[in-house]
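The file query.txt contains compact mmCIF, C-alpha atoms:
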# COMPACT_ATOMS: atom_id res chain seq x y z
CA MET A 1 143.43 122.29 88.55
CA THR A 2 143.71 118.56 88.60
CA SER A 3 143.39 117.07 92.03
CA SER A 4 142.61 113.67 93.44
CA ASN A 5 141.62 115.37 96.72
CA PRO A 6 137.88 114.70 97.27
CA GLU A 7 137.43 117.98 99.16
CA ALA A 8 138.98 119.96 96.30
CA VAL A 9 136.77 118.19 93.75
CA SER A 10 133.70 118.82 95.91
CA ALA A 11 134.56 122.51 96.24
CA ALA A 12 135.19 122.85 92.51
CA LEU A 13 131.94 121.04 91.68
CA THR A 14 130.04 123.36 94.03
CA GLU A 15 131.61 126.34 92.25
CA ILE A 16 130.69 124.92 88.83
CA LEU A 17 127.08 124.27 89.90
CA SER A 18 126.79 127.76 91.32
CA GLU A 19 128.70 129.90 88.84
CA ASP A 20 128.52 128.02 85.54
CA MET A 21 125.14 126.34 85.89
CA ASN A 22 123.29 128.95 88.00
CA VAL A 23 122.19 126.42 90.62
CA ASP A 24 121.18 127.63 94.08
CA ILE A 25 123.73 125.55 95.98
CA ARG A 26 122.06 126.25 99.33
CA ARG A 27 119.53 123.57 98.43
CA VAL A 28 122.03 121.04 97.06
CA THR A 29 123.55 118.13 98.97
CA ARG A 30 125.57 115.09 97.87
CA GLU A 31 122.27 113.16 97.87
CA SER A 32 120.48 115.69 95.63
CA ARG A 33 119.38 114.11 92.36
CA LEU A 34 120.81 116.02 89.41
CA ILE A 35 117.61 116.09 87.36
CA ASP A 36 114.77 115.84 89.88
CA ASP A 37 116.22 117.94 92.72
CA VAL A 38 118.81 120.20 91.11
CA GLY A 39 116.79 120.66 87.91
CA LEU A 40 119.55 120.05 85.39
CA ASP A 41 118.58 119.57 81.76
CA SER A 42 120.58 118.57 78.68
CA VAL A 43 121.90 122.12 78.17
CA ALA A 44 123.03 122.30 81.80
CA PHE A 45 124.76 118.94 81.48
CA ALA A 46 126.63 120.19 78.39
CA VAL A 47 127.69 123.36 80.20
CA GLY A 48 128.73 121.27 83.18
CA MET A 49 130.83 118.91 81.07
CA VAL A 50 132.77 121.85 79.61
CA ALA A 51 133.20 123.53 83.01
CA ILE A 52 134.39 120.29 84.64
CA GLU A 53 136.96 119.82 81.91
CA ASP A 54 138.10 123.46 82.09
CA LYS A 55 138.31 123.70 85.87
CA LEU A 56 139.26 120.16 86.86
CA GLY A 57 141.01 118.87 83.76
CA VAL A 58 138.66 115.87 83.68
CA ALA A 59 136.79 114.90 80.52
CA LEU A 60 133.52 113.12 81.29
CA SER A 61 131.69 111.31 78.53
CA GLU A 62 127.96 111.54 78.02
CA GLU A 63 127.73 107.98 79.35
CA ASP A 64 129.60 109.03 82.50
CA LEU A 65 127.07 111.78 83.09
CA LEU A 66 124.08 109.59 82.31
CA SER A 67 125.25 107.12 84.94
CA CYS A 68 125.20 109.87 87.60
CA ASP A 69 121.96 110.20 89.51
CA THR A 70 123.13 112.40 92.38
CA VAL A 71 125.68 115.13 93.04
CA GLY A 72 127.69 112.53 94.98
CA ASP A 73 127.66 110.22 91.94
CA LEU A 74 129.01 113.08 89.83
CA GLU A 75 131.80 113.73 92.35
CA ALA A 76 132.70 110.03 92.27
CA ALA A 77 132.74 110.00 88.46
CA ILE A 78 135.10 112.99 88.44
CA LEU A 79 137.38 111.42 91.05
CA ALA A 80 137.46 108.17 89.05
CA LYS A 81 138.76 110.06 86.01
CA VAL A 82 141.50 111.98 87.84
CA PRO A 83 144.82 110.32 87.05
CA ALA A 84 146.35 108.65 90.12
CA GLY A 85 149.27 110.42 91.66
CA GLN A 86 148.33 113.90 90.52
CA PRO A 87 149.53 116.57 92.91
CA ASN A 88 146.83 118.34 94.86
CA SER A 89 146.37 121.97 93.99
What would you get if you wrote out this structure as C-alpha cells?
Amino acid sequence: MTSSNPEAVSAALTEILSEDMNVDIRRVTRESRLIDDVGLDSVAFAVGMVAIEDKLGVALSEEDLLSCDTVGDLEAAILAKVPAGQPNS
C-alpha cells in the first residue's frame, strides 16, 4: 500500500504500532513522544522501519526516524516520503 492519504497513513501507522511493535495504542495520540511516552527503543525503531517499508512502501532512513519526536512527526515523515500522485489504496 502506497498512499498519500493522511488518514490511510495514520491508520497503517496505528496498525504497525499495535501489531508489529506491541504498543498499547489506546494510550497513544499524535502528540505522544515516541521514546518517552510510547516507550520505543532502538529495536522497536528497527522493527518499525521494516514494517513501514513493508506496509506503506516508504523507506525511512535512520536520520528520518531520529528527527521524529512524536507519532505525528513520524506520520509527517512518512507522508513526506510518499511519491506525489500515488493512487490511494
Task: Test item: residues at most 12 Å from range 4-17 of chain A, all atoms listed in the file, excluding those fewer than 6 positions along its chain, as an MDAnalysis selection string - done: chainID A and resid 23:30 34 38:40 44:45 47:58 71:89
Open item on the list: What's the separation between CA of Ser18 in chain A and CA of Glu63 in chain A, in Å to one decimal place?
Closed with: 23.1 Å
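Atom pair CA of Ser67 in chain A / CA of Ser42 in chain A has a distance of 13.9 Å (rounded to one decimal).
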Around all the atoms of range 6-14 of chain A listed in the file, draw an axis-aligned box and extend it by 6 Å on each of the six sides; I want its centre and edge lengths in Å to one decimal, as AutoDock Vina command-line options.
--center_x 134.5 --center_y 119.0 --center_z 95.4 --size_x 20.9 --size_y 20.7 --size_z 19.5
Task: Distance of CA of Thr70 in chain A from CA of Ser32 in chain A, expressed in Å to one decimal place - done: 5.3 Å
